[in-house]
file start07.txt (compact mmCIF, C-alpha atoms and all ligand atoms)
# COMPACT_ATOMS: atom_id res chain seq x y z
CA MET A 56 19.03 1.94 -3.65
CA GLN A 57 16.61 4.79 -3.02
CA ILE A 58 13.48 4.56 -0.88
CA ILE A 59 10.38 6.16 -2.36
CA ALA A 60 7.49 6.58 0.08
CA HIS A 61 4.53 4.97 -1.67
CA ARG A 62 1.49 7.26 -1.37
CA GLY A 63 3.53 8.90 1.40
CA ALA A 64 4.33 6.87 4.51
CA SER A 65 1.05 5.11 3.82
CA GLY A 66 1.64 2.02 5.95
CA ASP A 67 1.16 4.06 9.12
CA TYR A 68 -0.70 7.18 7.94
CA PRO A 69 -3.66 7.78 5.60
CA GLU A 70 -2.39 7.34 2.05
CA ASN A 71 -1.92 10.32 -0.27
CA THR A 72 -2.45 12.89 2.51
CA LEU A 73 -0.22 15.77 3.59
CA LEU A 74 0.26 13.95 6.91
CA ALA A 75 1.60 10.84 5.15
CA ILE A 76 3.92 13.00 3.03
CA GLU A 77 5.22 14.94 6.05
CA GLN A 78 5.90 11.63 7.76
CA ALA A 79 7.76 10.36 4.70
CA VAL A 80 10.03 13.39 4.97
CA LEU A 81 10.55 12.74 8.69
CA GLN A 82 11.25 9.05 8.01
CA GLY A 83 14.11 9.98 5.70
CA ALA A 84 12.62 8.86 2.39
CA ASP A 85 14.51 9.94 -0.73
CA ALA A 86 11.28 10.62 -2.60
CA VAL A 87 7.51 10.50 -2.37
CA GLU A 88 5.09 8.90 -4.82
CA ILE A 89 1.52 10.21 -5.11
CA ASP A 90 -1.43 9.50 -7.41
CA VAL A 91 -3.34 12.32 -9.07
CA PHE A 92 -6.66 12.88 -10.85
CA ALA A 93 -8.04 16.13 -12.25
CA VAL A 94 -11.37 17.55 -11.10
CA ASP A 95 -12.57 20.99 -12.25
CA GLY A 96 -9.12 21.39 -13.86
CA GLU A 97 -7.39 21.03 -10.46
CA LEU A 98 -5.08 18.11 -9.73
CA ILE A 99 -6.04 16.26 -6.58
CA VAL A 100 -4.09 13.57 -4.77
CA ILE A 101 -6.01 10.31 -4.44
CA HIS A 102 -5.49 6.77 -5.72
CA ASP A 103 -9.01 5.58 -6.64
CA HIS A 104 -11.59 7.48 -8.61
CA HIS A 105 -14.16 6.03 -6.22
CA LEU A 106 -14.13 7.70 -2.84
CA ALA A 107 -15.26 4.94 -0.50
CA ARG A 108 -11.98 3.14 0.23
CA THR A 109 -9.97 6.15 1.43
CA THR A 110 -12.52 8.80 2.44
CA ASN A 111 -15.89 9.16 4.18
CA GLY A 112 -17.43 10.01 0.80
CA SER A 113 -19.02 7.74 -1.78
CA GLY A 114 -19.42 7.56 -5.52
CA SER A 115 -16.92 8.83 -8.05
CA ILE A 116 -14.73 11.91 -7.71
CA TYR A 117 -16.22 13.05 -11.03
CA GLN A 118 -19.68 13.28 -9.44
CA HIS A 119 -18.36 15.94 -7.05
CA SER A 120 -17.06 19.48 -7.32
CA LEU A 121 -13.59 20.27 -6.05
CA ALA A 122 -15.17 22.16 -3.12
CA GLN A 123 -17.24 19.10 -2.16
CA LEU A 124 -14.21 16.79 -2.37
CA GLN A 125 -12.25 19.10 -0.10
CA GLN A 126 -14.88 18.71 2.64
CA LEU A 127 -14.27 14.95 2.89
CA ASP A 128 -12.24 13.20 5.56
CA ALA A 129 -9.39 11.22 4.01
CA GLY A 130 -8.44 9.70 7.39
CA ARG A 131 -7.43 11.20 10.76
CA GLY A 132 -9.15 14.43 9.79
CA GLN A 133 -6.93 14.87 6.74
CA ARG A 134 -8.35 16.38 3.54
CA ILE A 135 -7.76 15.22 -0.02
CA PRO A 136 -4.77 17.42 -0.92
CA THR A 137 -4.21 19.26 -4.15
CA LEU A 138 -0.99 18.66 -6.04
CA TRP A 139 -0.21 22.32 -5.44
CA GLN A 140 -0.26 21.75 -1.66
CA VAL A 141 2.14 18.82 -2.06
CA LEU A 142 4.52 20.92 -4.15
CA GLN A 143 4.40 23.65 -1.50
CA LEU A 144 5.16 21.08 1.22
CA LEU A 145 8.08 19.51 -0.61
CA ALA A 146 9.58 22.67 -2.15
CA PRO A 147 11.81 23.46 0.86
CA THR A 148 13.00 19.82 1.21
CA THR A 149 15.54 17.82 -0.78
CA LEU A 150 13.13 15.02 -1.70
CA TRP A 151 12.09 14.33 -5.26
CA LEU A 152 8.48 13.67 -6.19
CA ASN A 153 6.92 11.00 -8.38
CA ILE A 154 3.54 12.15 -9.67
CA GLU A 155 1.55 9.20 -11.00
CA LEU A 156 -1.14 10.33 -13.44
CA LYS A 157 -4.36 8.36 -12.98
CA GLY A 158 -6.92 10.40 -14.89
CA ASP A 159 -6.73 10.89 -18.64
CA ASN A 160 -7.54 14.63 -18.28
CA THR A 161 -4.39 15.37 -16.27
CA VAL A 162 -1.86 16.48 -18.89
CA ALA A 163 -2.91 20.10 -19.49
CA PRO A 164 -3.51 20.90 -15.78
CA LEU A 165 -0.13 19.35 -14.93
CA LEU A 166 1.78 21.39 -17.48
CA SER A 167 0.26 24.65 -16.29
CA LEU A 168 0.76 23.77 -12.61
CA LEU A 169 4.43 22.96 -13.18
CA LYS A 170 4.96 26.32 -14.86
CA ARG A 171 3.39 27.99 -11.82
CA ALA A 172 5.52 25.89 -9.43
CA GLU A 173 8.70 26.91 -11.22
CA ARG A 174 7.67 30.56 -11.11
CA GLU A 175 6.19 30.83 -7.60
CA LEU A 176 7.98 28.09 -5.65
CA GLN A 177 11.23 27.95 -7.64
CA PHE A 178 10.43 24.22 -7.86
CA ASP A 179 13.02 22.57 -10.10
CA VAL A 180 11.21 20.23 -12.50
CA ASN A 181 14.26 17.97 -12.43
CA ARG A 182 13.01 16.94 -8.98
CA LEU A 183 9.93 15.43 -10.61
CA LEU A 184 9.27 12.06 -12.18
CA ILE A 185 5.94 11.83 -13.98
CA SER A 186 4.65 8.29 -14.33
CA SER A 187 1.57 6.53 -15.60
CA PHE A 188 0.24 3.18 -16.71
CA ASN A 189 -1.36 5.21 -19.51
CA HIS A 190 1.57 5.56 -21.90
CA HIS A 191 -0.41 7.81 -24.23
CA LEU A 192 -0.40 10.47 -21.49
CA LEU A 193 3.36 10.13 -21.16
CA ALA A 194 3.86 10.48 -24.91
CA ALA A 195 1.68 13.62 -24.92
CA LEU A 196 3.66 15.11 -22.04
CA LYS A 197 7.00 14.37 -23.68
CA GLN A 198 5.86 16.02 -26.86
CA GLN A 199 4.85 19.19 -25.04
CA GLN A 200 7.68 19.36 -22.52
CA PRO A 201 10.57 17.13 -23.68
CA ALA A 202 12.70 17.89 -20.60
CA LEU A 203 10.26 16.23 -18.19
CA LYS A 204 11.46 12.95 -16.69
CA LEU A 205 9.00 10.15 -17.35
CA GLY A 206 8.47 6.87 -15.53
CA ALA A 207 6.86 4.22 -17.72
CA LEU A 208 4.77 2.04 -15.43
CA THR A 209 4.12 -1.59 -16.14
CA ALA A 210 2.35 -4.38 -14.30
CA SER A 211 3.48 -7.11 -16.68
CA LEU A 212 6.62 -8.58 -18.17
CA ALA A 213 6.55 -7.74 -21.89
CA ILE A 214 8.15 -10.09 -24.40
CA ASP A 215 10.65 -7.39 -25.33
CA TYR A 216 11.22 -6.39 -21.71
CA ALA A 217 11.73 -2.61 -21.30
CA ALA A 218 11.58 -1.71 -25.00
CA PHE A 219 8.30 0.17 -24.48
CA ALA A 220 9.98 2.54 -21.98
CA ARG A 221 12.82 3.31 -24.37
CA GLN A 222 10.28 3.95 -27.12
CA LEU A 223 8.63 6.53 -24.85
CA ASN A 224 12.03 8.13 -24.22
CA ALA A 225 11.40 7.56 -20.53
CA TYR A 226 13.84 8.18 -17.71
CA SER A 227 12.78 5.08 -15.79
CA VAL A 228 10.74 1.95 -15.96
CA ASN A 229 8.56 1.50 -12.88
CA CYS A 230 7.54 -2.10 -12.44
CA ASP A 231 5.71 -4.52 -10.22
CA VAL A 232 7.72 -6.55 -7.73
CA SER A 233 5.62 -9.60 -8.53
CA PHE A 234 7.24 -10.14 -11.95
CA ILE A 235 10.57 -8.38 -11.94
CA ASN A 236 13.61 -10.56 -12.52
CA GLN A 237 17.30 -10.15 -13.23
CA ALA A 238 16.78 -10.37 -17.01
CA PHE A 239 14.31 -7.47 -16.96
CA VAL A 240 16.66 -5.30 -14.88
CA ALA A 241 19.61 -6.13 -17.15
CA ASP A 242 17.55 -5.24 -20.23
CA ALA A 243 16.36 -1.92 -18.73
CA LYS A 244 19.89 -0.99 -17.64
CA ALA A 245 21.28 -1.79 -21.09
CA ARG A 246 18.71 0.64 -22.50
CA GLY A 247 19.92 3.37 -20.11
CA LEU A 248 16.79 3.32 -17.94
CA LYS A 249 16.50 3.62 -14.18
CA VAL A 250 14.49 0.84 -12.55
CA TYR A 251 12.04 1.56 -9.73
CA VAL A 252 9.98 -1.25 -8.22
CA TYR A 253 6.62 -1.21 -6.39
CA THR A 254 5.57 -2.15 -3.74
CA VAL A 255 8.49 -3.51 -1.74
CA ASP A 256 7.90 -3.82 2.00
CA GLN A 257 9.16 -7.32 2.83
CA ALA A 258 12.76 -8.01 3.87
CA ASP A 259 13.23 -10.83 1.33
CA ASP A 260 12.01 -8.61 -1.52
CA ILE A 261 14.22 -5.74 -0.35
CA ALA A 262 17.24 -8.06 -0.38
CA ARG A 263 16.37 -9.36 -3.85
CA MET A 264 15.93 -5.85 -5.28
CA ALA A 265 19.30 -4.82 -3.84
CA GLU A 266 20.85 -7.90 -5.44
CA TYR A 267 19.33 -7.03 -8.83
CA GLY A 268 20.76 -3.52 -8.50
CA VAL A 269 17.50 -1.65 -8.98
CA ASP A 270 17.65 2.13 -8.47
CA GLY A 271 14.79 2.47 -6.03
CA ILE A 272 11.87 0.81 -4.33
CA PHE A 273 8.43 2.14 -3.48
CA SER A 274 7.71 1.34 0.15
CA ASN A 275 4.69 1.97 2.37
CA TYR A 276 7.09 1.91 5.37
CA PRO A 277 10.09 4.05 4.34
CA ALA A 278 11.92 4.04 7.70
CA ARG A 279 11.49 0.30 8.25
CA SER A 280 12.53 -0.52 4.66
CA ARG A 281 15.62 1.66 5.05
CA GLN A 282 16.57 -0.28 8.22
CA GLN A 283 15.98 -3.61 6.50
CA LEU A 284 18.13 -2.50 3.59
CA ALA A 285 20.92 -1.42 5.94
CA ALA A 286 20.74 -4.79 7.70
CA GLN A 287 21.49 -6.69 4.46
CA PRO A 288 24.85 -8.47 4.57
O1 LIG B 1 3.78 4.15 -8.95
C1 LIG B 1 3.94 2.91 -8.36
C2 LIG B 1 2.62 2.33 -7.92
O2 LIG B 1 1.96 3.29 -7.12
C3 LIG B 1 1.75 1.95 -9.08
O3 LIG B 1 0.56 1.31 -8.68
O4 LIG B 1 -1.80 1.18 -8.04
O5 LIG B 1 -0.13 1.74 -6.31
O6 LIG B 1 -0.71 3.40 -8.06
P1 LIG B 1 -0.56 1.94 -7.74
MG MG B 2 0.68 4.95 -7.49

call {"tool": "encode", "arguments": {"input": "start07.txt", "output": "structure tokens", "more": "lines below"}}
Ligand code: G3P
Ligand code: MG
result
Amino acid sequence: MQIIAHRGASGDYPENTLLAIEQAVLQGADAVEIDVFAVDGELIVIHDHHLARTTNGSGSIYQHSLAQLQQLDAGRGQRIPTLWQVLQLLAPTTLWLNIELKGDNTVAPLLSLLKRAERELQFDVNRLLISSFNHHLLAALKQQQPALKLGALTASLAIDYAAFARQLNAYSVNCDVSFINQAFVADAKARGLKVYVYTVDQADDIARMAEYGVDGIFSNYPARSRQQLAAQP
């Protein structure tokens, strides 16, 4: 079972910052998950479109220019990173990256940034999983770049289980720990989908996910979750 650092090693470091991502690498995570919005056509790494929870700014990201956003403190003196900076940081590592699209204007900037990353960083797009709760964005991406691996996010247990993810031709279904059960995992596996579960930080949940045979968990504490997983009988 893989450990995906949720918003970086966000339990101990400011979420979605380069510091949290560096720490995820140091903590031995298999992958990093980040959230992105687009401002001025540039993809920035932040979870909320309101600034107050994670920065010293206020209001919406859309009320600011990219230059203004990059002046803000995102915790411990960290700046709001661009996706490009994250790709540069991870390019020399072996980790894979889950980019969660939050804004509905993210598809075109993502496609052009990935082309640039392949060209300038030799970043293999197979190391990327693009996810979203907005399945229309995923469908648009798949249409334009069919080789991209997609993660269909869900926060609910649909009556036909993981059928929606298969319909999207997704690589994985990324689902909430609060509803996942053995039947859902069995259904997803039968459809040839990987199963990644968020957010799994507690020992009892880690044990249950291992028992279900899920492929990975999103953890805010990658090193600690790895230890708890290793300690399972
Ligand atoms: O991608 C998994 C998880 O991050 C989805 O929810 O709100 O933490 O972005 P959220
Ligand atoms: Mg996320």

call {"tool": "residues_near_ligand", "arguments": {"input": "start07.txt", "ligand": "ligand MG 2 (chain B)", "cutoff": "10 Å", "atoms": "all atoms listed in the file", "output": "ChimeraX atom specification"}}
result
/A:61-62,71,88-91,101-103,153-157,186-188,208,253-254,273

call {"tool": "write_last_selection", "arguments": {"input": "start07.txt", "atoms": "C-alpha atoms", "output": "short mmCIF file (atom, residue, chain, number, x, y, z; two decimals), keeping the file's coordinate frame"}}
result
data_model
loop_
_atom_site.label_atom_id
_atom_site.label_comp_id
_atom_site.auth_asym_id
_atom_site.auth_seq_id
_atom_site.Cartn_x
_atom_site.Cartn_y
_atom_site.Cartn_z
CA HIS A 61 4.53 4.97 -1.67
CA ARG A 62 1.49 7.26 -1.37
CA ASN A 71 -1.92 10.32 -0.27
CA GLU A 88 5.09 8.90 -4.82
CA ILE A 89 1.52 10.21 -5.11
CA ASP A 90 -1.43 9.50 -7.41
CA VAL A 91 -3.34 12.32 -9.07
CA ILE A 101 -6.01 10.31 -4.44
CA HIS A 102 -5.49 6.77 -5.72
CA ASP A 103 -9.01 5.58 -6.64
CA ASN A 153 6.92 11.00 -8.38
CA ILE A 154 3.54 12.15 -9.67
CA GLU A 155 1.55 9.20 -11.00
CA LEU A 156 -1.14 10.33 -13.44
CA LYS A 157 -4.36 8.36 -12.98
CA SER A 186 4.65 8.29 -14.33
CA SER A 187 1.57 6.53 -15.60
CA PHE A 188 0.24 3.18 -16.71
CA LEU A 208 4.77 2.04 -15.43
CA TYR A 253 6.62 -1.21 -6.39
CA THR A 254 5.57 -2.15 -3.74
CA PHE A 273 8.43 2.14 -3.48
#

call {"tool": "atom_distance", "arguments": {"input": "start07.txt", "atom1": "CA of Val162 (chain A)", "atom2": "CA of Asn224 (chain A)"}}
result
17.1 Å

call {"tool": "closest_residue", "arguments": {"input": "start07.txt", "among": "A:Ala210, A:Ala202, A:Ala278, A:Met56", "to": "ligand LIG 1 (chain B)", "atoms": "all atoms listed in the file"}}
result
A:Ala210

call {"tool": "closest_residue", "arguments": {"input": "start07.txt", "among": "A:Thr149, A:Gln78, A:Ser65, A:Gln200", "to": "ligand LIG 1 (chain B)", "atoms": "all atoms listed in the file"}}
result
A:Ser65

call {"tool": "closest_residue", "arguments": {"input": "start07.txt", "among": "A:Gly271, A:Pro164, A:Pro147, A:Gly83", "to": "ligand LIG 1 (chain B)", "atoms": "only C-alpha atoms and all ligand atoms"}}
result
A:Gly271

call {"tool": "closest_residue", "arguments": {"input": "start07.txt", "among": "A:Ala195, A:Ile135, A:Ala220, A:Val255", "to": "ligand LIG 1 (chain B)", "atoms": "only C-alpha atoms and all ligand atoms"}}
result
A:Val255

call {"tool": "residues_around", "arguments": {"input": "start07.txt", "residues": "Arg182 (chain A)", "least_positions_apart": "6", "cutoff": "8 Å", "atoms": "all atoms listed in the file", "output": "PyMOL selection string"}}
result
chain A and resi 150-152

call {"tool": "closest_residue", "arguments": {"input": "start07.txt", "among": "A:Val232, A:Ala238, A:Leu165, A:Ala245", "to": "Met264 (chain A)", "atoms": "all atoms listed in the file"}}
result
A:Val232

call {"tool": "atom_distance", "arguments": {"input": "start07.txt", "atom1": "CA of Ile59 (chain A)", "atom2": "CA of Ala79 (chain A)"}}
result
8.6 Å

call {"tool": "residues_near_point", "arguments": {"input": "start07.txt", "point": "(9.6, 24.7, -16.2)", "cutoff": "10 Å", "atoms": "only C-alpha atoms", "output": "PyMOL selection string"}}
result
chain A and resi 166-174+177-181+200+202-203

call {"tool": "atom_distance", "arguments": {"input": "start07.txt", "atom1": "CA of Leu196 (chain A)", "atom2": "CA of Ala163 (chain A)"}}
result
8.6 Å

call {"tool": "residues_around", "arguments": {"input": "start07.txt", "residues": "Leu223 (chain A)", "least_positions_apart": "2", "cutoff": "10 Å", "atoms": "only C-alpha atoms", "output": "list in words"}}
result
His190, His191, Leu193, Ala194, Ala195, Lys197, Leu205, Gly206, Ala207, Ala218, Phe219, Ala220, Arg221, Ala225 and Tyr226 of chain A

call {"tool": "closest_residue", "arguments": {"input": "start07.txt", "among": "A:Phe92, A:Tyr267, A:Phe239, A:Tyr117", "to": "ligand LIG 1 (chain B)", "atoms": "all atoms listed in the file"}}
result
A:Phe92

call {"tool": "residues_around", "arguments": {"input": "start07.txt", "residues": "Gln287 (chain A)", "least_positions_apart": "3", "cutoff": "9 Å", "atoms": "only C-alpha atoms", "output": "list of chain:residue names"}}
result
A:Ala258, A:Ile261, A:Ala262, A:Ala265, A:Gln282, A:Gln283, A:Leu284

call {"tool": "residues_around", "arguments": {"input": "start07.txt", "residues": "Glu266 (chain A)", "least_positions_apart": "6", "cutoff": "12 Å", "atoms": "only C-alpha atoms", "output": "list in words"}}
result
Met56, Asn236, Gln237, Val240, Ala241, Asp259, Asp260, Leu284, Gln287 and Pro288 of chain A

call {"tool": "write_last_selection", "arguments": {"input": "start07.txt", "atoms": "C-alpha atoms", "output": "PDB file, in the coordinates of the input"}}
result
ATOM      1  CA  MET A  56      19.030   1.940  -3.650  1.00  0.00           C
ATOM      2  CA  ASN A 236      13.610 -10.560 -12.520  1.00  0.00           C
ATOM      3  CA  GLN A 237      17.300 -10.150 -13.230  1.00  0.00           C
ATOM      4  CA  VAL A 240      16.660  -5.300 -14.880  1.00  0.00           C
ATOM      5  CA  ALA A 241      19.610  -6.130 -17.150  1.00  0.00           C
ATOM      6  CA  ASP A 259      13.230 -10.830   1.330  1.00  0.00           C
ATOM      7  CA  ASP A 260      12.010  -8.610  -1.520  1.00  0.00           C
ATOM      8  CA  LEU A 284      18.130  -2.500   3.590  1.00  0.00           C
ATOM      9  CA  GLN A 287      21.490  -6.690   4.460  1.00  0.00           C
ATOM     10  CA  PRO A 288      24.850  -8.470   4.570  1.00  0.00           C
TER      11      PRO A 288
END

call {"tool": "closest_atom_pairs", "arguments": {"input": "start07.txt", "of": "region 128-187 of chain A", "to": "region 105-115 of chain A", "cutoff": "9 Å", "atoms": "only C-alpha atoms", "output": "Markdown table"}}
result
| residue | atom | partner | partner_atom | distance |
| --- | --- | --- | --- | --- |
| A:Asp128 | CA | A:Thr110 | CA | 5.4 |
| A:Ala129 | CA | A:Thr110 | CA | 4.3 |
| A:Gly130 | CA | A:Thr110 | CA | 6.5 |
| A:Arg134 | CA | A:Thr110 | CA | 8.7 |
| A:Ile135 | CA | A:Thr110 | CA | 8.4 |
